[in-house]
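Next up, work.txt (compact mmCIF, C-alpha atoms):
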# COMPACT_ATOMS: atom_id res chain seq x y z
CA MET A 1 0.00 0.00 0.00
CA SER A 2 1.33 3.42 -0.88
CA SER A 3 1.86 5.78 2.05
CA ASN A 4 1.79 8.95 -0.06
CA LYS A 5 -0.98 11.17 1.23
CA THR A 6 -3.50 12.50 -1.29
CA THR A 7 -5.43 15.61 -0.29
CA ASN A 8 -9.22 15.34 -0.60
CA PRO A 9 -9.54 12.90 -3.53
CA TRP A 10 -13.22 13.69 -4.17
CA PRO A 11 -15.04 11.15 -6.33
CA THR A 12 -16.61 12.10 -9.66
CA ALA A 13 -20.16 12.00 -8.24
CA THR A 14 -20.04 14.81 -5.68
CA GLY A 15 -22.98 16.18 -3.76
CA ALA A 16 -25.36 19.01 -4.59
CA LEU A 17 -27.41 21.66 -2.83
CA LYS A 18 -30.76 23.08 -3.92
CA PHE A 19 -34.11 24.36 -2.73
CA SER A 20 -36.96 22.00 -3.54
CA PRO A 21 -40.68 22.10 -2.80
CA PRO A 22 -42.06 19.13 -0.84
CA ASP A 23 -42.62 16.23 -3.22
CA PRO A 24 -44.41 13.12 -1.89
CA THR A 25 -43.20 11.13 -4.90
CA GLU A 26 -39.55 11.60 -3.92
CA GLU A 27 -38.10 9.42 -1.18
CA PRO A 28 -34.69 10.66 -0.01
CA ASP A 29 -32.42 8.36 1.94
CA ILE A 30 -32.67 10.66 4.96
CA SER A 31 -35.24 13.29 5.93
CA LEU A 32 -34.87 15.70 8.84
CA ASN A 33 -37.59 18.09 9.95
CA SER A 34 -37.43 21.36 11.89
CA VAL A 35 -33.79 22.05 10.98
CA THR A 36 -32.56 25.19 12.74
CA PRO A 37 -29.41 27.29 12.19
CA ALA A 38 -27.86 25.69 15.30
CA ARG A 39 -26.07 22.60 13.99
CA ARG A 40 -26.01 20.93 17.41
CA ASP A 41 -29.82 20.65 17.12
CA TRP A 42 -29.69 18.39 14.06
CA LEU A 43 -26.14 17.49 13.01
CA PRO A 44 -25.68 14.52 15.40
CA GLU A 45 -28.95 13.00 14.16
CA LEU A 46 -27.92 13.49 10.54
CA LEU A 47 -24.47 11.98 11.09
CA GLU A 48 -26.07 9.01 12.82
CA GLU A 49 -28.37 8.53 9.83
CA LEU A 50 -25.29 8.69 7.59
CA LEU A 51 -23.47 5.87 9.46
CA PRO A 52 -24.42 3.23 6.84
CA ALA A 53 -22.76 5.35 4.14
CA MET A 54 -19.66 5.71 6.31
CA VAL A 55 -19.47 1.98 7.00
CA GLU A 56 -19.93 1.26 3.30
CA ALA A 57 -17.01 3.56 2.53
CA VAL A 58 -14.84 1.76 5.09
CA GLN A 59 -15.76 -1.59 3.57
CA GLU A 60 -14.87 -0.38 0.08
CA VAL A 61 -11.47 0.75 1.34
CA ALA A 62 -11.00 -2.60 3.07
CA GLU A 63 -11.71 -4.48 -0.16
CA ARG A 64 -8.96 -2.49 -1.88
CA HIS A 65 -6.34 -2.44 0.87
CA ASP A 66 -7.02 -5.03 3.60
CA PRO A 67 -9.98 -7.38 3.05
CA LYS A 68 -9.34 -9.06 6.43
CA LEU A 69 -11.31 -6.26 8.10
CA LEU A 70 -14.43 -7.74 6.53
CA HIS A 71 -13.85 -11.12 8.17
CA MET A 72 -11.86 -10.57 11.37
CA PRO A 73 -12.44 -8.41 14.50
CA ARG A 74 -9.57 -6.02 13.81
CA THR A 75 -9.10 -2.85 11.80
CA GLY A 76 -5.76 -3.78 10.27
CA LEU A 77 -4.39 -1.30 7.74
CA VAL A 78 -7.71 0.34 6.94
CA PRO A 79 -7.39 3.37 9.28
CA LEU A 80 -3.96 4.14 7.82
CA ALA A 81 -5.32 3.86 4.30
CA LEU A 82 -8.23 6.16 5.15
CA HIS A 83 -5.83 8.70 6.62
CA ASP A 84 -2.83 8.50 4.29
CA VAL A 85 -4.45 7.66 0.97
CA TYR A 86 -7.95 9.16 1.20
CA GLY A 87 -7.39 12.19 3.44
CA VAL A 88 -9.82 11.26 6.23
CA ASP A 89 -8.16 13.29 8.96
CA ALA A 90 -10.19 14.79 11.82
CA VAL A 91 -10.27 14.68 15.63
CA SER A 92 -6.45 14.78 15.71
CA GLY A 93 -6.30 11.83 13.32
CA TRP A 94 -8.64 9.61 15.36
CA TYR A 95 -11.61 9.85 13.02
CA PRO A 96 -10.41 7.18 10.52
CA PHE A 97 -9.62 4.83 13.41
CA ALA A 98 -13.12 5.35 14.87
CA ALA A 99 -14.69 4.70 11.45
CA ALA A 100 -12.80 1.44 10.99
CA LYS A 101 -13.48 0.36 14.57
CA PHE A 102 -17.20 1.00 14.23
CA ALA A 103 -17.30 -0.91 10.93
CA VAL A 104 -15.72 -3.90 12.66
CA CYS A 105 -18.20 -3.58 15.53
CA VAL A 106 -21.32 -3.71 13.35
CA ARG A 107 -20.15 -5.68 10.31
CA GLU A 108 -22.30 -8.74 11.16
CA THR A 109 -25.24 -6.81 12.68
CA PRO A 110 -28.35 -5.70 10.78
CA ILE A 111 -28.54 -1.91 10.49
CA ASP A 112 -31.74 -1.68 12.51
CA GLU A 113 -29.88 -3.31 15.43
CA TRP A 114 -26.89 -0.96 15.42
CA PRO A 115 -26.30 0.97 18.67
CA ASP A 116 -27.48 4.56 18.57
CA ARG A 117 -25.94 7.67 20.06
CA GLN A 118 -28.23 7.45 23.10
CA SER A 119 -27.54 3.80 23.91
CA ASP A 120 -25.87 3.15 27.24
CA ASP A 121 -23.73 0.43 25.67
CA ARG A 122 -22.71 2.40 22.57
CA PRO A 123 -19.05 1.97 21.57
CA PRO A 124 -16.75 5.00 21.99
CA SER A 125 -16.17 4.99 18.23
CA LEU A 126 -19.83 5.91 17.69
CA ASP A 127 -19.48 9.10 19.75
CA THR A 128 -16.46 10.11 17.69
CA LEU A 129 -18.34 9.62 14.42
CA VAL A 130 -21.54 11.49 15.30
CA LYS A 131 -20.42 14.16 17.78
CA VAL A 132 -17.73 15.66 15.58
CA GLY A 133 -17.98 19.32 14.61
CA GLN A 134 -20.21 20.61 17.40
CA GLY A 135 -17.54 22.38 19.40
CA TYR A 136 -19.07 21.98 22.84
CA ASP A 137 -18.76 18.34 23.88
CA GLU A 138 -15.85 16.18 24.96
CA LEU A 139 -14.46 16.05 21.41
CA ASN A 140 -14.14 19.85 21.37
CA THR A 141 -14.10 19.85 17.57
CA SER A 142 -15.22 22.76 15.43
CA ILE A 143 -16.95 23.02 12.08
CA ASP A 144 -13.50 22.72 10.49
CA HIS A 145 -13.47 19.00 11.38
CA LEU A 146 -16.54 18.18 9.29
CA GLU A 147 -14.88 18.21 5.88
CA PRO A 148 -11.82 16.07 6.69
CA GLY A 149 -13.98 13.82 8.87
CA PRO A 150 -17.45 12.57 7.93
CA VAL A 151 -17.68 14.44 4.62
CA GLN A 152 -14.40 13.09 3.30
CA LEU A 153 -15.22 9.60 4.56
CA ILE A 154 -18.58 9.56 2.76
CA ALA A 155 -16.92 10.95 -0.37
CA VAL A 156 -14.61 7.92 -0.40
CA GLY A 157 -17.61 5.64 -0.95
CA SER A 158 -19.27 5.09 -4.29
CA ASP A 159 -22.77 6.19 -3.21
CA THR A 160 -23.98 9.78 -2.75
CA PRO A 161 -26.65 9.92 -0.01
CA GLN A 162 -29.81 11.89 -0.78
CA VAL A 163 -30.82 14.08 2.16
CA SER A 164 -33.86 16.31 2.66
CA LEU A 165 -33.61 19.09 5.26
CA SER A 166 -36.87 20.84 6.12
CA LEU A 167 -35.93 24.26 7.50
CA ASP A 168 -37.69 25.76 10.54
CA GLU A 169 -38.75 29.19 9.25
CA ASP A 170 -39.26 30.81 12.65
CA ALA A 171 -35.85 29.67 13.90
CA TRP A 172 -33.99 30.86 10.79
CA CYS A 173 -35.72 34.25 10.68
CA ALA A 174 -35.22 34.86 14.41
CA ALA A 175 -31.53 33.88 14.47
CA GLN A 176 -28.73 36.40 14.33
CA ARG A 177 -26.85 36.72 11.04
CA ALA A 178 -23.72 35.07 12.47
CA GLN A 179 -25.66 32.02 13.63
CA ARG A 180 -27.48 31.72 10.30
CA LYS A 181 -24.15 31.91 8.52
CA ARG A 182 -22.71 29.09 10.65
CA GLY A 183 -25.76 26.96 9.90
CA LEU A 184 -25.54 27.65 6.17
CA ASP A 185 -21.80 26.96 6.17
CA THR A 186 -22.45 23.60 7.83
CA ILE A 187 -24.97 22.68 5.13
CA ALA A 188 -22.57 23.80 2.40
CA ILE A 189 -19.75 21.63 3.76
CA LEU A 190 -22.02 18.58 3.95
CA SER A 191 -23.20 19.15 0.38
CA LYS A 192 -19.71 18.42 -0.93
CA ALA A 193 -20.41 14.69 -0.61
CA ILE A 194 -24.20 14.61 -0.11
CA THR A 195 -27.10 15.74 -2.29
CA ILE A 196 -29.11 18.05 -0.04
CA ASN A 197 -32.60 19.28 -0.82
CA LEU A 198 -33.58 22.25 1.33
CA ILE A 199 -37.32 22.33 1.97
CA ALA A 200 -38.38 25.88 2.79
CA SER A 201 -41.43 28.08 2.40
CA PRO A 202 -41.26 30.70 -0.36
CA SER A 203 -40.95 33.42 2.27
CA LEU A 204 -38.02 31.71 4.00
CA GLU A 205 -36.28 31.02 0.70
CA LYS A 206 -36.65 34.71 -0.20
CA PHE A 207 -35.39 35.68 3.26
CA LEU A 208 -32.22 33.61 2.81
CA HIS A 209 -31.71 34.97 -0.71
CA ASP A 210 -32.04 38.50 0.66
CA ARG A 211 -29.85 38.07 3.73
CA HIS A 212 -27.17 35.72 2.38
CA PRO A 213 -26.83 36.33 -1.38
CA GLU A 214 -23.14 35.39 -1.39
CA TRP A 215 -23.87 31.97 0.09
CA ILE A 216 -26.72 31.44 -2.39
CA GLU A 217 -24.52 32.44 -5.31
CA THR A 218 -21.57 30.31 -4.18
CA TYR A 219 -23.19 27.07 -3.06
CA LEU A 220 -26.70 26.73 -4.43
CA THR A 221 -26.72 24.45 -7.46
CA GLU A 222 -30.41 24.78 -8.31
CA SER A 223 -33.55 26.56 -7.17
CA LYS A 224 -37.00 25.51 -8.34
CA LYS A 225 -38.87 28.43 -6.82
CA THR A 226 -36.85 31.62 -7.14
CA SER A 227 -36.58 33.04 -10.62
CA PRO A 228 -33.35 34.57 -11.97
CA GLY A 229 -33.10 38.31 -11.61
CA HIS A 230 -35.25 38.32 -8.50
CA ALA A 231 -34.94 41.73 -6.83
CA PRO A 232 -34.73 41.00 -3.09
CA THR A 233 -35.65 44.51 -1.94
CA SER A 234 -38.52 45.16 -4.36
CA GLY A 235 -42.12 45.62 -3.30
CA THR A 236 -44.15 48.07 -1.27
CA ILE A 237 -45.96 48.29 2.05
CA GLU A 238 -49.61 48.18 1.04
CA THR A 239 -51.95 47.55 3.97
CA ALA A 240 -52.73 49.64 7.02
CA ALA A 241 -51.61 46.74 9.22
CA GLU A 242 -48.21 46.64 7.50
CA ARG A 243 -47.79 50.39 7.87
CA GLN A 244 -48.72 50.22 11.54
CA ALA A 245 -46.25 47.38 12.08
CA VAL A 246 -43.44 49.51 10.65
CA PHE A 247 -44.47 52.41 12.88
CA GLU A 248 -44.39 50.16 15.94
CA LYS A 249 -40.84 49.08 15.07
CA LEU A 250 -39.70 52.68 14.79
CA LYS A 251 -41.17 53.50 18.21
CA ASP A 252 -38.36 51.36 19.68
CA PHE A 253 -35.78 53.90 18.50
CA THR A 254 -34.67 57.15 20.14
CA PRO A 255 -36.06 60.18 18.21
CA GLY A 256 -33.18 61.70 16.28
CA GLY A 257 -30.93 58.86 17.44
CA GLY A 258 -28.33 56.86 15.55
CA LYS A 259 -30.59 54.12 14.20
CA LEU A 260 -33.03 56.59 12.68
CA GLN A 261 -30.16 58.70 11.32
CA LEU A 262 -28.68 55.61 9.68
CA LEU A 263 -32.05 54.63 8.25
CA ALA A 264 -32.53 58.11 6.80
CA ALA A 265 -29.07 58.03 5.19
CA ILE A 266 -29.84 55.13 2.82
CA PRO A 267 -31.17 56.14 -0.65
CA ALA A 268 -34.92 55.72 -0.97
CA GLU A 269 -34.88 54.71 -4.65
CA GLU A 270 -35.35 50.98 -5.18
CA GLY A 271 -32.03 49.39 -6.15
CA GLU A 272 -29.84 52.23 -4.83
CA TYR A 273 -27.45 51.64 -1.95
CA ARG A 274 -24.78 53.05 0.35
CA GLU A 275 -21.50 51.31 1.08
CA LEU A 276 -20.82 50.56 4.75
CA HIS A 277 -17.37 52.12 4.38
CA ASP A 278 -18.99 55.32 3.06
CA LEU A 279 -21.46 55.45 5.93
CA LYS A 280 -18.70 55.06 8.51
CA ASN A 281 -16.94 58.08 7.02
CA ASP A 282 -20.06 60.24 6.62
CA SER A 283 -19.43 63.42 8.66
CA GLU A 284 -23.14 64.29 8.58
CA LEU A 285 -24.00 61.22 10.65
CA ASN A 286 -23.66 61.80 14.36
CA ILE A 287 -22.83 58.14 14.97
CA ALA A 288 -19.55 56.55 16.06
CA SER A 289 -17.97 54.49 13.28
CA GLY A 290 -17.93 51.30 15.35
CA THR A 291 -21.56 51.77 16.36
CA ILE A 292 -22.72 51.93 12.74
CA GLY A 293 -21.63 48.31 12.25
CA ARG A 294 -23.86 47.21 15.12
CA TYR A 295 -26.79 49.40 14.11
CA TYR A 296 -27.03 48.24 10.51
CA LEU A 297 -27.01 44.57 11.60
CA GLU A 298 -29.82 45.26 14.08
CA LEU A 299 -31.83 47.11 11.45
CA GLU A 300 -31.40 44.11 9.15
CA ASP A 301 -31.69 41.16 11.51
CA GLU A 302 -34.18 42.39 14.09
CA TYR A 303 -36.27 44.95 12.23
CA ASP A 304 -36.13 43.97 8.52
CA LEU A 305 -35.63 47.60 7.51
CA LEU A 306 -32.29 47.16 5.72
CA ALA A 307 -30.85 44.51 3.41
CA VAL A 308 -27.11 43.90 3.14
CA ASP A 309 -25.31 42.51 0.10
CA ASP A 310 -21.96 41.21 1.36
CA ARG A 311 -20.80 39.46 -1.81
CA GLY A 312 -18.08 41.98 -2.62
CA ASP A 313 -15.27 43.58 -0.67
CA ARG A 314 -17.62 46.18 0.79
CA ASN A 315 -21.08 45.64 2.23
CA LEU A 316 -23.79 47.35 0.17
CA ILE A 317 -26.77 48.50 2.22
CA THR A 318 -30.22 49.05 0.73
CA LEU A 319 -33.69 49.65 2.12
CA THR A 320 -36.28 46.90 2.25
CA PRO A 321 -39.89 47.81 1.37
CA ALA A 322 -40.48 48.32 5.10
CA GLY A 323 -37.40 50.52 5.25
CA ARG A 324 -38.55 52.69 2.37
CA TYR A 325 -41.91 53.21 4.05
CA ALA A 326 -40.16 53.90 7.36
CA GLN A 327 -38.27 56.78 5.74
CA THR A 328 -41.56 58.50 4.92
CA LEU A 329 -42.29 58.61 8.66
CA LEU A 330 -39.11 60.53 9.48
CA THR A 331 -38.65 64.29 9.70
CA GLU A 332 -35.52 66.03 8.43
CA ASP A 333 -33.96 65.76 11.90
CA SER A 334 -34.78 62.00 12.07
CA LYS A 335 -37.75 62.20 14.40
CA LEU A 336 -40.81 60.00 14.05
CA LEU A 337 -44.17 60.99 12.59
CA HIS A 338 -47.38 59.02 13.02
CA PRO A 339 -48.66 57.44 9.77
CA LYS A 340 -51.80 59.59 10.00
CA GLN A 341 -49.66 62.73 10.10
CA VAL A 342 -47.88 61.63 6.95
CA GLN A 343 -51.15 60.73 5.26
CA PHE A 344 -52.61 64.14 6.15
CA SER A 345 -49.52 66.06 5.05
CA ASP A 346 -49.40 64.21 1.73
CA ALA A 347 -53.09 64.73 0.93
CA PRO A 348 -53.82 67.30 -1.81
CA THR A 349 -55.26 70.55 -0.54
CA THR A 350 -58.88 71.06 -1.58
CA PRO A 351 -59.58 74.74 -2.46
CA LEU A 352 -62.37 76.45 -0.55
CA PRO A 353 -65.62 77.09 -2.49
CA PRO A 354 -66.28 80.64 -3.75
CA ASN A 355 -67.46 83.19 -1.14
CA ARG A 356 -66.39 80.86 1.72
CA SER A 357 -62.94 82.28 2.30
CA GLN A 358 -64.22 84.91 4.76
CA GLU A 359 -66.37 82.54 6.81
For this file, write the structure as structure tokens.
Amino acid sequence: MSSNKTTNPWPTATGALKFSPPDPTEEPDISLNSVTPARRDWLPELLEELLPAMVEAVQEVAERHDPKLLHMPRTGLVPLALHDVYGVDAVSGWYPFAAAKFAVCVRETPIDEWPDRQSDDRPPSLDTLVKVGQGYDELNTSIDHLEPGPVQLIAVGSDTPQVSLSLDEDAWCAAQRAQRKRGLDTIAILSKAITINLIASPSLEKFLHDRHPEWIETYLTESKKTSPGHAPTSGTIETAAERQAVFEKLKDFTPGGGKLQLLAAIPAEEGEYRELHDLKNDSELNIASGTIGRYYLELEDEYDLLAVDDRGDRNLITLTPAGRYAQTLLTEDSKLLHPKQVQFSDAPTTPLPPNRSQE
């Protein structure tokens, strides 16, 4: 066996990532519901469901390098082959050993009788395989361990698992941008060796397109619901309830304060933007440069008044439909008007009838 290490020898049939509407005629290998941005909520379950694919990959390596693993209770040369030849290298190099050990443990056991991650008698190798990448347990491994660990191991095998992840809309919309990004990055890493269908409502899909366009552009291989050229900040606030909701959001802000100043500084025309760098150097804004970075994220994440395109070197900040309406409620010194005041001030003046001007 050659000991020359090959870095990430991905097979020809790699994974994929796309949004798909629910389809009762399709039966993926694995389906997970209520997937949140927090990977610890769902990643261990997914990795446990992927154990058959991992064991299959180990067996394929054994057939090529040390078939005795398939017939004797020892790992033999397989862990070294996984590490040195196929680049399976996570958990300080222990991941390939855990994979081979688990394959030996279950090689004569039907899949439905395999130990699970909650079994009292589960082998230590199982914990290593399914707890990797969470960053808070005894393995203390970060997201960086996913690719050289389970993803690379699955990629070694000849099959590409089909996985359906149904996203929890409330959890994704309520999460902070940084947490959403970590969740999306986790999904992107897994999609290198797994075909992942993201099941999301149209509103959640639009939300992710709006908030994370760079991720969508980089990793999404197909979308069945969002048309090309979709303008994420288009639209208007139409109903009285929507207008009142925007007004209630603005009541949280200090009149004339930094958040309202920042909101007023973004161009009102649909499609126009300000660069974050430009805003931080705007002498007309009475806001500390470091505070602007916090304010624009709050106005995006918590209030849906701004949208941020972070695909380039500089963040481009635009108004959402709610943000454009919010601007109409602001005075020149960034104080708040009630919607009825705006409606009254915008109404055309009706001239008095003849001979009534002296009444």
Report as an mmCIF file with C-alpha atoms, keeping the file's coordinate frame all protein, DNA and RNA residues lying within 8 Å of Thr236 of chain A, evaluated on all atoms listed in the file, omitting residues in the same chain fewer than 6 positions from it.
data_model
loop_
_atom_site.group_PDB
_atom_site.id
_atom_site.type_symbol
_atom_site.label_atom_id
_atom_site.label_comp_id
_atom_site.auth_asym_id
_atom_site.auth_seq_id
_atom_site.Cartn_x
_atom_site.Cartn_y
_atom_site.Cartn_z
ATOM 1 C CA PRO A 321 -39.890 47.810 1.370
ATOM 2 C CA ALA A 322 -40.480 48.320 5.100
ATOM 3 C CA TYR A 325 -41.910 53.210 4.050
#
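When all atoms listed in the file are used to measure the gap to Asp210 of chain A, the shortest distance among A:Leu82, A:Asn33, A:Arg177, A:Lys259 belongs to A:Arg177.
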Using all atoms listed in the file, which protein or nucleic acid residues come within 10 Å of Arg274 of chain A? Drop anything in the same chain fewer than 4 positions from it, and give the result as a PyMOL selection string. chain A and resi 265-267+278-279+308+314-319
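From atom CA of His209 of chain A back to atom CA of Ala174 of chain A, the distance works out to 15.5 Å.
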Using Å and a single decimal, report how far atom CA of Glu248 of chain A sits from atom CA of Leu262 of chain A. 17.8 Å
Selection near segment 114-119 of chain A, 12 Å with all atoms listed in the file, sequence-local residues under 4 positions removed, as a VMD selection string: chain A and resid 44 to 52 55 102 to 110 123 to 131
Go ahead and save the picked residues with C-alpha atoms, as an mmCIF file, in the coordinates of the input.
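Done, and the output landed in result.cif:
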data_model
loop_
_atom_site.group_PDB
_atom_site.id
_atom_site.type_symbol
_atom_site.label_atom_id
_atom_site.label_comp_id
_atom_site.auth_asym_id
_atom_site.auth_seq_id
_atom_site.Cartn_x
_atom_site.Cartn_y
_atom_site.Cartn_z
ATOM 1 C CA PRO A 44 -25.680 14.520 15.400
ATOM 2 C CA GLU A 45 -28.950 13.000 14.160
ATOM 3 C CA LEU A 46 -27.920 13.490 10.540
ATOM 4 C CA LEU A 47 -24.470 11.980 11.090
ATOM 5 C CA GLU A 48 -26.070 9.010 12.820
ATOM 6 C CA GLU A 49 -28.370 8.530 9.830
ATOM 7 C CA LEU A 50 -25.290 8.690 7.590
ATOM 8 C CA LEU A 51 -23.470 5.870 9.460
ATOM 9 C CA PRO A 52 -24.420 3.230 6.840
ATOM 10 C CA VAL A 55 -19.470 1.980 7.000
ATOM 11 C CA PHE A 102 -17.200 1.000 14.230
ATOM 12 C CA ALA A 103 -17.300 -0.910 10.930
ATOM 13 C CA VAL A 104 -15.720 -3.900 12.660
ATOM 14 C CA CYS A 105 -18.200 -3.580 15.530
ATOM 15 C CA VAL A 106 -21.320 -3.710 13.350
ATOM 16 C CA ARG A 107 -20.150 -5.680 10.310
ATOM 17 C CA GLU A 108 -22.300 -8.740 11.160
ATOM 18 C CA THR A 109 -25.240 -6.810 12.680
ATOM 19 C CA PRO A 110 -28.350 -5.700 10.780
ATOM 20 C CA PRO A 123 -19.050 1.970 21.570
ATOM 21 C CA PRO A 124 -16.750 5.000 21.990
ATOM 22 C CA SER A 125 -16.170 4.990 18.230
ATOM 23 C CA LEU A 126 -19.830 5.910 17.690
ATOM 24 C CA ASP A 127 -19.480 9.100 19.750
ATOM 25 C CA THR A 128 -16.460 10.110 17.690
ATOM 26 C CA LEU A 129 -18.340 9.620 14.420
ATOM 27 C CA VAL A 130 -21.540 11.490 15.300
ATOM 28 C CA LYS A 131 -20.420 14.160 17.780
#
Every residue with an atom at most 12 Å from (-6.3, 12.6, 14.6) (file coordinates; only C-alpha atoms) is what I'm after, so could you write them as number ranges by chain? A: 79-80, 82-84, 87-99, 128, 132, 139, 141, 145, 148-149
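For the atom pair formed by atom CA of Asp301 of chain A and atom CA of Asp333 of chain A, the distance is 24.7 Å, given to one decimal.
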Using only C-alpha atoms, pick whichever of A:Lys101, A:Arg122, A:Lys335, A:Arg182 has the shortest atom-to-atom distance to Gly258 of chain A. A:Lys335
Counting all atoms listed in the file, which residue out of A:Ser334, A:Ala326, A:Ala57, A:Ala16 sits closest to Thr254 of chain A? A:Ser334
Got a sec to check which residues sit within 8 Å of (-45.4, 55.4, 9.3), counting all atoms listed in the file, and write them as a PyMOL selection string? chain A and resi 243-244+246-247+325-326+328-329+337-340+342
Can you pull out the residues contacting segment 66-76 of chain A? Cut-off 6 Å, using only C-alpha atoms, and skip same-chain residues under 3 positions away; I want them as a list of chain:residue names. A:Ala62, A:Glu63, A:Ala100, A:Val104
Pick from A:Val151, A:Ile187, A:Ala193, A:Leu250 nearest to Tyr303 of chain A, counting only C-alpha atoms: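 Once distances to Tyr303 of chain A are computed over only C-alpha atoms, the minimum belongs to A:Leu250.
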Copy segment 120-138 of chain A out of the block into a file, keeping N, CA and C atoms, as a PDB file, in the first residue's frame.
ATOM      1  N   ASP A 120     -26.829   3.205  26.136  1.00  0.00           N
ATOM      2  CA  ASP A 120     -25.870   3.146  27.240  1.00  0.00           C
ATOM      3  C   ASP A 120     -24.647   2.313  26.887  1.00  0.00           C
ATOM      4  N   ASP A 121     -24.831   1.323  26.015  1.00  0.00           N
ATOM      5  CA  ASP A 121     -23.726   0.427  25.669  1.00  0.00           C
ATOM      6  C   ASP A 121     -23.101   0.774  24.313  1.00  0.00           C
ATOM      7  N   ARG A 122     -23.270   2.019  23.862  1.00  0.00           N
ATOM      8  CA  ARG A 122     -22.711   2.404  22.566  1.00  0.00           C
ATOM      9  C   ARG A 122     -21.186   2.379  22.639  1.00  0.00           C
ATOM     10  N   PRO A 123     -20.519   1.973  21.576  1.00  0.00           N
ATOM     11  CA  PRO A 123     -19.052   1.968  21.569  1.00  0.00           C
ATOM     12  C   PRO A 123     -18.509   3.397  21.480  1.00  0.00           C
ATOM     13  N   PRO A 124     -17.333   3.654  22.063  1.00  0.00           N
ATOM     14  CA  PRO A 124     -16.747   5.002  21.989  1.00  0.00           C
ATOM     15  C   PRO A 124     -16.579   5.493  20.551  1.00  0.00           C
ATOM     16  N   SER A 125     -16.353   4.582  19.624  1.00  0.00           N
ATOM     17  CA  SER A 125     -16.174   4.995  18.230  1.00  0.00           C
ATOM     18  C   SER A 125     -17.423   5.672  17.682  1.00  0.00           C
ATOM     19  N   LEU A 126     -18.593   5.291  18.170  1.00  0.00           N
ATOM     20  CA  LEU A 126     -19.835   5.913  17.692  1.00  0.00           C
ATOM     21  C   LEU A 126     -19.874   7.385  18.082  1.00  0.00           C
ATOM     22  N   ASP A 127     -19.497   7.703  19.319  1.00  0.00           N
ATOM     23  CA  ASP A 127     -19.479   9.103  19.747  1.00  0.00           C
ATOM     24  C   ASP A 127     -18.556   9.933  18.870  1.00  0.00           C
ATOM     25  N   THR A 128     -17.403   9.375  18.534  1.00  0.00           N
ATOM     26  CA  THR A 128     -16.458  10.110  17.690  1.00  0.00           C
ATOM     27  C   THR A 128     -17.058  10.400  16.323  1.00  0.00           C
ATOM     28  N   LEU A 129     -17.794   9.461  15.772  1.00  0.00           N
ATOM     29  CA  LEU A 129     -18.338   9.616  14.424  1.00  0.00           C
ATOM     30  C   LEU A 129     -19.477  10.616  14.359  1.00  0.00           C
ATOM     31  N   VAL A 130     -20.318  10.667  15.398  1.00  0.00           N
ATOM     32  CA  VAL A 130     -21.536  11.485  15.299  1.00  0.00           C
ATOM     33  C   VAL A 130     -21.479  12.786  16.104  1.00  0.00           C
ATOM     34  N   LYS A 131     -20.501  12.936  16.982  1.00  0.00           N
ATOM     35  CA  LYS A 131     -20.416  14.161  17.777  1.00  0.00           C
ATOM     36  C   LYS A 131     -19.418  15.158  17.220  1.00  0.00           C
ATOM     37  N   VAL A 132     -18.752  14.789  16.151  1.00  0.00           N
ATOM     38  CA  VAL A 132     -17.729  15.659  15.582  1.00  0.00           C
ATOM     39  C   VAL A 132     -18.333  16.969  15.073  1.00  0.00           C
ATOM     40  N   GLY A 133     -17.586  18.054  15.225  1.00  0.00           N
ATOM     41  CA  GLY A 133     -17.979  19.321  14.609  1.00  0.00           C
ATOM     42  C   GLY A 133     -18.913  20.186  15.400  1.00  0.00           C
ATOM     43  N   GLN A 134     -19.251  19.821  16.640  1.00  0.00           N
ATOM     44  CA  GLN A 134     -20.213  20.613  17.404  1.00  0.00           C
ATOM     45  C   GLN A 134     -19.554  21.635  18.320  1.00  0.00           C
ATOM     46  N   GLY A 135     -18.312  21.372  18.696  1.00  0.00           N
ATOM     47  CA  GLY A 135     -17.543  22.376  19.401  1.00  0.00           C
ATOM     48  C   GLY A 135     -17.864  22.565  20.861  1.00  0.00           C
ATOM     49  N   TYR A 136     -18.735  21.743  21.443  1.00  0.00           N
ATOM     50  CA  TYR A 136     -19.071  21.985  22.837  1.00  0.00           C
ATOM     51  C   TYR A 136     -19.000  20.733  23.699  1.00  0.00           C
ATOM     52  N   ASP A 137     -18.778  19.563  23.089  1.00  0.00           N
ATOM     53  CA  ASP A 137     -18.755  18.336  23.876  1.00  0.00           C
ATOM     54  C   ASP A 137     -17.319  17.902  24.134  1.00  0.00           C
ATOM     55  N   GLU A 138     -17.176  16.647  24.581  1.00  0.00           N
ATOM     56  CA  GLU A 138     -15.853  16.178  24.961  1.00  0.00           C
ATOM     57  C   GLU A 138     -14.876  16.111  23.789  1.00  0.00           C
TER      58      GLU A 138
END
